[in-house]
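**Q** Dropping in run-v9.cif, with mmCIF, N, CA and C atoms.
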data_entry
#
loop_
_atom_site.label_atom_id
_atom_site.label_comp_id
_atom_site.auth_asym_id
_atom_site.auth_seq_id
_atom_site.Cartn_x
_atom_site.Cartn_y
_atom_site.Cartn_z
N VAL A 1 92.25 134.23 111.91
CA VAL A 1 91.25 133.43 111.21
C VAL A 1 91.22 132.03 111.82
N GLN A 2 90.04 131.57 112.18
CA GLN A 2 89.88 130.24 112.76
C GLN A 2 88.92 129.42 111.89
N LEU A 3 89.27 128.14 111.73
CA LEU A 3 88.46 127.24 110.96
C LEU A 3 88.04 126.06 111.84
N GLN A 4 86.78 125.69 111.79
CA GLN A 4 86.26 124.59 112.58
C GLN A 4 85.57 123.61 111.65
N ALA A 5 86.18 122.45 111.48
CA ALA A 5 85.61 121.42 110.61
C ALA A 5 84.79 120.44 111.44
N SER A 6 83.76 119.92 110.82
CA SER A 6 82.90 118.94 111.49
C SER A 6 82.22 118.06 110.45
N GLY A 7 81.57 117.01 110.93
CA GLY A 7 80.79 116.16 110.04
C GLY A 7 81.39 114.82 109.72
N GLY A 8 82.59 114.59 110.19
CA GLY A 8 83.20 113.29 109.94
C GLY A 8 82.51 112.18 110.70
N GLY A 9 82.88 110.95 110.38
CA GLY A 9 82.29 109.81 111.05
C GLY A 9 82.61 108.53 110.33
N ARG A 10 81.91 107.50 110.69
CA ARG A 10 82.09 106.19 110.06
C ARG A 10 80.91 105.90 109.16
N VAL A 11 81.21 105.44 107.96
CA VAL A 11 80.16 105.16 106.99
C VAL A 11 80.55 103.91 106.20
N GLN A 12 79.57 103.21 105.70
CA GLN A 12 79.84 102.01 104.90
C GLN A 12 80.18 102.40 103.46
N VAL A 13 80.84 101.49 102.80
CA VAL A 13 81.17 101.70 101.39
C VAL A 13 79.91 102.05 100.60
N GLY A 14 80.02 103.07 99.77
CA GLY A 14 78.89 103.52 98.98
C GLY A 14 78.05 104.58 99.66
N GLY A 15 78.33 104.84 100.91
CA GLY A 15 77.56 105.81 101.65
C GLY A 15 78.01 107.25 101.39
N SER A 16 77.41 108.16 102.13
CA SER A 16 77.67 109.58 101.95
C SER A 16 77.91 110.27 103.29
N LEU A 17 78.68 111.33 103.22
CA LEU A 17 78.89 112.21 104.36
C LEU A 17 79.01 113.63 103.84
N ARG A 18 78.63 114.58 104.66
CA ARG A 18 78.87 115.98 104.32
C ARG A 18 79.68 116.63 105.44
N LEU A 19 80.84 117.11 105.07
CA LEU A 19 81.68 117.85 106.00
C LEU A 19 81.37 119.34 105.89
N SER A 20 81.50 120.00 107.02
CA SER A 20 81.32 121.45 107.07
C SER A 20 82.56 122.09 107.67
N CYS A 21 82.80 123.31 107.29
CA CYS A 21 83.92 124.07 107.84
C CYS A 21 83.47 125.51 108.01
N VAL A 22 83.40 125.94 109.25
CA VAL A 22 82.99 127.30 109.56
C VAL A 22 84.22 128.16 109.80
N VAL A 23 84.25 129.30 109.17
CA VAL A 23 85.38 130.22 109.27
C VAL A 23 84.98 131.45 110.08
N SER A 24 85.82 131.83 111.00
CA SER A 24 85.55 133.01 111.81
C SER A 24 86.81 133.86 111.91
N GLY A 25 86.64 135.13 112.23
CA GLY A 25 87.77 136.00 112.47
C GLY A 25 88.36 136.63 111.23
N GLY A 26 87.75 136.43 110.10
CA GLY A 26 88.24 137.02 108.87
C GLY A 26 87.10 137.36 107.94
N THR A 27 87.43 137.69 106.70
CA THR A 27 86.41 137.99 105.70
C THR A 27 86.27 136.79 104.78
N PHE A 28 85.35 135.91 105.13
CA PHE A 28 85.22 134.62 104.45
C PHE A 28 85.07 134.78 102.94
N SER A 29 84.34 135.77 102.51
CA SER A 29 84.04 135.93 101.09
C SER A 29 85.28 136.27 100.25
N ARG A 30 86.39 136.58 100.89
CA ARG A 30 87.63 136.88 100.17
C ARG A 30 88.51 135.65 99.99
N TYR A 31 88.16 134.55 100.67
CA TYR A 31 89.07 133.41 100.70
C TYR A 31 88.64 132.29 99.75
N GLY A 32 89.58 131.88 98.91
CA GLY A 32 89.40 130.59 98.30
C GLY A 32 89.52 129.53 99.40
N MET A 33 88.76 128.45 99.27
CA MET A 33 88.75 127.43 100.31
C MET A 33 89.13 126.08 99.71
N GLY A 34 89.90 125.33 100.47
CA GLY A 34 90.31 124.02 100.00
C GLY A 34 90.02 122.94 101.02
N TRP A 35 89.91 121.73 100.50
CA TRP A 35 89.82 120.53 101.35
C TRP A 35 91.00 119.63 101.06
N PHE A 36 91.57 119.10 102.10
CA PHE A 36 92.72 118.21 102.01
C PHE A 36 92.44 117.00 102.88
N ARG A 37 93.22 115.95 102.68
CA ARG A 37 93.08 114.77 103.54
C ARG A 37 94.43 114.14 103.79
N GLN A 38 94.50 113.41 104.88
CA GLN A 38 95.77 112.78 105.27
C GLN A 38 95.50 111.45 105.93
N VAL A 39 96.27 110.46 105.51
CA VAL A 39 96.24 109.15 106.17
C VAL A 39 97.55 108.96 106.90
N PRO A 40 97.57 108.14 107.93
CA PRO A 40 98.80 107.95 108.72
C PRO A 40 99.97 107.52 107.84
N GLY A 41 101.09 108.18 108.04
CA GLY A 41 102.30 107.82 107.31
C GLY A 41 102.43 108.46 105.95
N LYS A 42 101.44 109.25 105.56
CA LYS A 42 101.50 109.90 104.25
C LYS A 42 101.34 111.41 104.41
N ASP A 43 101.78 112.13 103.39
CA ASP A 43 101.61 113.57 103.39
C ASP A 43 100.15 113.95 103.19
N ARG A 44 99.83 115.13 103.65
CA ARG A 44 98.51 115.67 103.40
C ARG A 44 98.34 115.91 101.90
N SER A 45 97.19 115.54 101.37
CA SER A 45 96.99 115.67 99.92
C SER A 45 95.75 116.50 99.62
N TYR A 46 95.79 117.14 98.49
CA TYR A 46 94.72 118.00 98.03
C TYR A 46 93.53 117.17 97.57
N VAL A 47 92.34 117.59 97.97
CA VAL A 47 91.11 116.94 97.53
C VAL A 47 90.38 117.80 96.52
N GLY A 48 90.23 119.07 96.86
CA GLY A 48 89.53 119.98 95.96
C GLY A 48 89.46 121.36 96.56
N SER A 49 88.93 122.30 95.77
CA SER A 49 88.87 123.68 96.24
C SER A 49 87.75 124.42 95.53
N ILE A 50 87.44 125.58 96.08
CA ILE A 50 86.40 126.44 95.52
C ILE A 50 86.90 127.87 95.59
N THR A 51 86.61 128.63 94.54
CA THR A 51 87.05 130.02 94.54
C THR A 51 86.24 130.86 95.52
N ALA A 52 86.74 132.05 95.79
CA ALA A 52 86.12 132.91 96.81
C ALA A 52 84.65 133.22 96.49
N ASN A 53 84.35 133.41 95.22
CA ASN A 53 82.97 133.74 94.85
C ASN A 53 82.13 132.49 94.57
N GLY A 54 82.72 131.34 94.71
CA GLY A 54 81.98 130.10 94.50
C GLY A 54 81.75 129.72 93.06
N ALA A 55 82.32 130.48 92.14
CA ALA A 55 82.02 130.24 90.72
C ALA A 55 82.73 129.03 90.15
N ASN A 56 83.85 128.67 90.74
CA ASN A 56 84.65 127.57 90.20
C ASN A 56 85.05 126.59 91.29
N THR A 57 85.01 125.33 90.94
CA THR A 57 85.48 124.27 91.83
C THR A 57 86.48 123.40 91.09
N TYR A 58 87.36 122.79 91.83
CA TYR A 58 88.41 121.95 91.28
C TYR A 58 88.54 120.72 92.17
N TYR A 59 88.85 119.58 91.53
CA TYR A 59 88.94 118.33 92.28
C TYR A 59 90.11 117.49 91.79
N VAL A 60 90.65 116.73 92.70
CA VAL A 60 91.62 115.71 92.30
C VAL A 60 90.85 114.63 91.54
N ASN A 61 91.52 113.98 90.60
CA ASN A 61 90.82 113.03 89.73
C ASN A 61 90.11 111.93 90.50
N SER A 62 90.69 111.48 91.59
CA SER A 62 90.14 110.33 92.31
C SER A 62 88.79 110.60 92.94
N VAL A 63 88.39 111.86 93.07
CA VAL A 63 87.09 112.18 93.70
C VAL A 63 86.12 112.84 92.74
N LYS A 64 86.56 113.13 91.53
CA LYS A 64 85.68 113.78 90.55
C LYS A 64 84.44 112.93 90.31
N GLY A 65 83.30 113.60 90.32
CA GLY A 65 82.04 112.89 90.11
C GLY A 65 81.44 112.31 91.37
N ARG A 66 82.23 112.28 92.44
CA ARG A 66 81.74 111.73 93.72
C ARG A 66 81.66 112.80 94.81
N PHE A 67 82.60 113.74 94.79
CA PHE A 67 82.65 114.78 95.82
C PHE A 67 82.23 116.11 95.22
N THR A 68 81.57 116.93 96.04
CA THR A 68 81.15 118.26 95.61
C THR A 68 81.46 119.27 96.71
N ILE A 69 82.14 120.32 96.32
CA ILE A 69 82.45 121.41 97.24
C ILE A 69 81.50 122.57 96.95
N SER A 70 80.96 123.14 98.02
CA SER A 70 80.11 124.31 97.89
C SER A 70 80.38 125.23 99.06
N ARG A 71 79.84 126.42 98.97
CA ARG A 71 80.04 127.38 100.05
C ARG A 71 78.81 128.24 100.21
N ASP A 72 78.64 128.72 101.44
CA ASP A 72 77.58 129.66 101.75
C ASP A 72 78.25 130.85 102.43
N ASN A 73 78.45 131.90 101.66
CA ASN A 73 79.18 133.06 102.20
C ASN A 73 78.38 133.78 103.28
N ALA A 74 77.08 133.61 103.30
CA ALA A 74 76.27 134.23 104.36
C ALA A 74 76.47 133.51 105.69
N LYS A 75 76.88 132.25 105.62
CA LYS A 75 77.10 131.46 106.84
C LYS A 75 78.57 131.22 107.13
N ASN A 76 79.45 131.82 106.30
CA ASN A 76 80.90 131.65 106.48
C ASN A 76 81.27 130.17 106.53
N THR A 77 80.65 129.39 105.67
CA THR A 77 80.81 127.94 105.73
C THR A 77 81.09 127.36 104.34
N VAL A 78 82.01 126.43 104.32
CA VAL A 78 82.28 125.65 103.11
C VAL A 78 81.94 124.20 103.41
N TYR A 79 81.46 123.50 102.39
CA TYR A 79 81.01 122.13 102.55
C TYR A 79 81.76 121.20 101.62
N LEU A 80 81.89 119.97 102.05
CA LEU A 80 82.40 118.90 101.18
C LEU A 80 81.39 117.76 101.26
N LEU A 81 80.63 117.59 100.20
CA LEU A 81 79.68 116.48 100.11
C LEU A 81 80.38 115.31 99.45
N MET A 82 80.41 114.20 100.13
CA MET A 82 81.12 113.02 99.65
C MET A 82 80.11 111.89 99.43
N ASN A 83 79.98 111.49 98.20
CA ASN A 83 79.09 110.39 97.83
C ASN A 83 79.90 109.19 97.35
N SER A 84 79.25 108.05 97.29
CA SER A 84 79.88 106.82 96.78
C SER A 84 81.24 106.60 97.42
N LEU A 85 81.26 106.68 98.71
CA LEU A 85 82.53 106.61 99.44
C LEU A 85 83.17 105.23 99.30
N LYS A 86 84.50 105.25 99.26
CA LYS A 86 85.30 104.05 99.11
C LYS A 86 86.23 103.91 100.30
N PRO A 87 86.72 102.72 100.58
CA PRO A 87 87.65 102.55 101.71
C PRO A 87 88.88 103.47 101.58
N GLU A 88 89.32 103.72 100.36
CA GLU A 88 90.51 104.58 100.18
C GLU A 88 90.22 106.05 100.46
N ASP A 89 88.97 106.40 100.70
CA ASP A 89 88.66 107.76 101.13
C ASP A 89 88.86 107.96 102.63
N THR A 90 89.13 106.88 103.34
CA THR A 90 89.36 106.98 104.77
C THR A 90 90.58 107.86 105.05
N ALA A 91 90.39 108.88 105.86
CA ALA A 91 91.46 109.85 106.15
C ALA A 91 90.94 110.86 107.15
N VAL A 92 91.86 111.66 107.63
CA VAL A 92 91.48 112.88 108.34
C VAL A 92 91.35 113.99 107.30
N TYR A 93 90.23 114.66 107.29
CA TYR A 93 89.96 115.71 106.31
C TYR A 93 90.13 117.08 106.97
N TYR A 94 90.83 117.94 106.24
CA TYR A 94 91.11 119.29 106.71
C TYR A 94 90.55 120.31 105.73
N CYS A 95 90.02 121.39 106.27
CA CYS A 95 89.69 122.54 105.43
C CYS A 95 90.78 123.60 105.61
N ALA A 96 90.92 124.41 104.61
CA ALA A 96 91.94 125.45 104.63
C ALA A 96 91.45 126.68 103.89
N ALA A 97 91.89 127.83 104.34
CA ALA A 97 91.54 129.11 103.71
C ALA A 97 92.79 129.71 103.07
N GLU A 98 92.59 130.21 101.86
CA GLU A 98 93.70 130.77 101.10
C GLU A 98 93.82 132.26 101.36
N ASP A 99 95.02 132.68 101.74
CA ASP A 99 95.28 134.11 101.89
C ASP A 99 95.23 134.74 100.50
N PRO A 100 94.36 135.71 100.27
CA PRO A 100 94.19 136.24 98.91
C PRO A 100 95.40 137.00 98.39
N GLU A 101 96.25 137.52 99.29
CA GLU A 101 97.45 138.23 98.85
C GLU A 101 98.59 137.26 98.59
N LYS A 102 98.78 136.32 99.48
CA LYS A 102 99.88 135.37 99.35
C LYS A 102 99.56 134.24 98.38
N ARG A 103 98.28 134.01 98.13
CA ARG A 103 97.84 132.91 97.28
C ARG A 103 98.34 131.57 97.82
N LEU A 104 98.33 131.46 99.14
CA LEU A 104 98.72 130.24 99.82
C LEU A 104 97.64 129.88 100.84
N TYR A 105 97.50 128.57 101.12
CA TYR A 105 96.59 128.17 102.17
C TYR A 105 97.25 128.50 103.51
N GLU A 106 96.79 129.55 104.11
CA GLU A 106 97.43 130.11 105.29
C GLU A 106 96.82 129.61 106.59
N TRP A 107 95.52 129.30 106.57
CA TRP A 107 94.80 128.95 107.80
C TRP A 107 94.14 127.59 107.63
N TRP A 108 94.23 126.79 108.70
CA TRP A 108 93.78 125.40 108.62
C TRP A 108 92.84 125.05 109.77
N GLY A 109 91.89 124.18 109.49
CA GLY A 109 91.05 123.63 110.52
C GLY A 109 91.74 122.48 111.23
N GLN A 110 91.07 121.93 112.21
CA GLN A 110 91.70 120.92 113.07
C GLN A 110 91.58 119.51 112.51
N GLY A 111 90.81 119.31 111.48
CA GLY A 111 90.66 117.98 110.90
C GLY A 111 89.48 117.23 111.49
N THR A 112 88.88 116.42 110.64
CA THR A 112 87.78 115.57 111.07
C THR A 112 87.95 114.20 110.42
N GLN A 113 87.81 113.15 111.20
CA GLN A 113 88.08 111.79 110.73
C GLN A 113 86.91 111.25 109.93
N VAL A 114 87.23 110.70 108.78
CA VAL A 114 86.25 109.97 107.96
C VAL A 114 86.75 108.55 107.80
N THR A 115 85.91 107.61 108.17
CA THR A 115 86.26 106.19 108.06
C THR A 115 85.21 105.48 107.22
N VAL A 116 85.66 104.85 106.15
CA VAL A 116 84.76 104.12 105.26
C VAL A 116 85.05 102.64 105.43
N SER A 117 84.05 101.91 105.88
CA SER A 117 84.25 100.49 106.17
C SER A 117 83.48 99.63 105.18
N SER A 118 84.06 98.48 104.89
CA SER A 118 83.42 97.57 103.93
C SER A 118 82.64 96.49 104.66
#
Have the structure of the file written as structure tokens, please.

**A**
Amino acid sequence: VQLQASGGGRVQVGGSLRLSCVVSGGTFSRYGMGWFRQVPGKDRSYVGSITANGANTYYVNSVKGRFTISRDNAKNTVYLLMNSLKPEDTAVYYCAAEDPEKRLYEWWGQGTQVTVSS
């Protein structure tokens, strides 16, 4: 299973970005998908996730109401729409696919940099 994340960039405070993550080599519709982020010197942290059928989404409190995760199973793609961006959202963002048997995020994308400048 391979994941390819894209869509990062530099944006001003209050702006928006949409990240995409395309999954190949597996059965995308079976995987719960998650988004994580990491800043230098800190551990990778959970941002949010979406269930395999897209019926449920979950978010860390700091992004609730600003970020939205969605998926298109026909395109093997999961999205992270980020609105009202803040400087503290600056990080490398990673997508991950959950192994449905192990219930662990088993496969990871390469990361895409998001920089929010004031």

**Q** Quick one: apply the PyMOL selection byres (((chain A and resi 95 and name CA) around 12) and name CA) to the file and drop the selected residues here as a VMD selection string.

**A** chain A and resid 2 to 7 19 to 23 31 to 38 44 to 50 69 77 to 80 92 to 94 96 to 98 105 to 112

**Q** Quick one: pull the distance between atom N of Thr57 in chain A and CA of Gly8 in chain A, Å, one decimal.

**A**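 That distance, rounded to one decimal, is 22.6 Å.
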
**Q** Between atom N of Asn61 in chain A and atom C of Asn73 in chain A, what is the distance in Å, rounded to a tenth?

**A**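 So the two atoms, atom N of Asn61 in chain A and atom C of Asn73 in chain A, lie 26.9 Å apart.
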
**Q** I need the residues of chain A that end up classed as strand (DSSP E) by DSSP on the backbone, written out as an NGL selection string.

**A** :A and (2-6 or 9-12 or 17-24 or 33-38 or 45-50 or 57-59 or 67-72 or 77-82 or 91-99 or 104-108 or 112-117)

**Q** Please run DSSP on the backbone and report, as a PDB file with N, CA and C atoms, in the coordinates of the input, all residues within range 2-105 of chain A that come out as helix (DSSP H, G or I).

**A**
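Just written: part-v4.pdb:
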ATOM      1  N   PHE A  28      85.350 135.910 105.130  1.00  0.00           N
ATOM      2  CA  PHE A  28      85.220 134.620 104.450  1.00  0.00           C
ATOM      3  C   PHE A  28      85.070 134.780 102.940  1.00  0.00           C
ATOM      4  N   SER A  29      84.340 135.770 102.510  1.00  0.00           N
ATOM      5  CA  SER A  29      84.040 135.930 101.090  1.00  0.00           C
ATOM      6  C   SER A  29      85.280 136.270 100.250  1.00  0.00           C
ATOM      7  N   ARG A  30      86.390 136.580 100.890  1.00  0.00           N
ATOM      8  CA  ARG A  30      87.630 136.880 100.170  1.00  0.00           C
ATOM      9  C   ARG A  30      88.510 135.650  99.990  1.00  0.00           C
ATOM     10  N   ASN A  61      91.520 113.980  90.600  1.00  0.00           N
ATOM     11  CA  ASN A  61      90.820 113.030  89.730  1.00  0.00           C
ATOM     12  C   ASN A  61      90.110 111.930  90.500  1.00  0.00           C
ATOM     13  N   SER A  62      90.690 111.480  91.590  1.00  0.00           N
ATOM     14  CA  SER A  62      90.140 110.330  92.310  1.00  0.00           C
ATOM     15  C   SER A  62      88.790 110.600  92.940  1.00  0.00           C
ATOM     16  N   VAL A  63      88.390 111.860  93.070  1.00  0.00           N
ATOM     17  CA  VAL A  63      87.090 112.180  93.700  1.00  0.00           C
ATOM     18  C   VAL A  63      86.120 112.840  92.740  1.00  0.00           C
ATOM     19  N   PRO A  87      86.720 102.720 100.580  1.00  0.00           N
ATOM     20  CA  PRO A  87      87.650 102.550 101.710  1.00  0.00           C
ATOM     21  C   PRO A  87      88.880 103.470 101.580  1.00  0.00           C
ATOM     22  N   GLU A  88      89.320 103.720 100.360  1.00  0.00           N
ATOM     23  CA  GLU A  88      90.510 104.580 100.180  1.00  0.00           C
ATOM     24  C   GLU A  88      90.220 106.050 100.460  1.00  0.00           C
ATOM     25  N   ASP A  89      88.970 106.400 100.700  1.00  0.00           N
ATOM     26  CA  ASP A  89      88.660 107.760 101.130  1.00  0.00           C
ATOM     27  C   ASP A  89      88.860 107.960 102.630  1.00  0.00           C
TER      28      ASP A  89
END

**Q** Find the spatial neighbours of Gly26 in chain A, counting only N, CA and C atoms, within a cut-off of 5 Å - ignore same-chain residues fewer than 2 positions away - and output them as number ranges by chain.

**A** A: 1, 24, 28

**Q** Which distance in Å separates CA of Arg71 in chain A and CA of Ser16 in chain A, to one decimal?

**A**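 Going from CA of Arg71 in chain A over to CA of Ser16 in chain A, I get 18.1 Å.
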
**Q** Go through A:Gly54, A:Pro87, A:Gly25, A:Gly41 and flag the residue nearest Arg10 in chain A, using only C-alpha atoms for the distances.

**A**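 Under the stated criterion, the closest residue is A:Pro87.
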
**Q** When you look at Gly65 in chain A with a cut-off of 8 Å (counting only N, CA and C atoms), what residues show up, excluding the ones that are within fewer than 6 positions of it in the same chain? I need them as a list in words.

**A**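 Using only N, CA and C atoms, the neighbours found are Tyr59, Asn83 and Ser84 of chain A.
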
**Q** Can you tell me, as a list of chain:residue names, what residues are no more than 8 Å from Thr90 in chain A when counting all atoms listed in the file, ignoring any on the same chain fewer than 6 positions away?

**A** A:Arg37, A:Gln38, A:Val39, A:Pro40, A:Gln113, A:Val114, A:Thr115, A:Val116, A:Ser117

**Q** If we count only C-alpha atoms, what is near Ser29 in chain A at a cut-off of 8 Å, once residues fewer than 3 positions away on the same chain are taken out, given as a PyMOL selection string?

**A** chain A and resi 52-53+73+76

**Q** Determine, counting only C-alpha atoms, which protein, DNA and RNA residues have an atom within 9 Å of an atom of Arg66 in chain A; residues of the same chain fewer than 3 positions away are not included. Present the result as an NGL selection string.

**A** :A and (62-63 or 81-85)
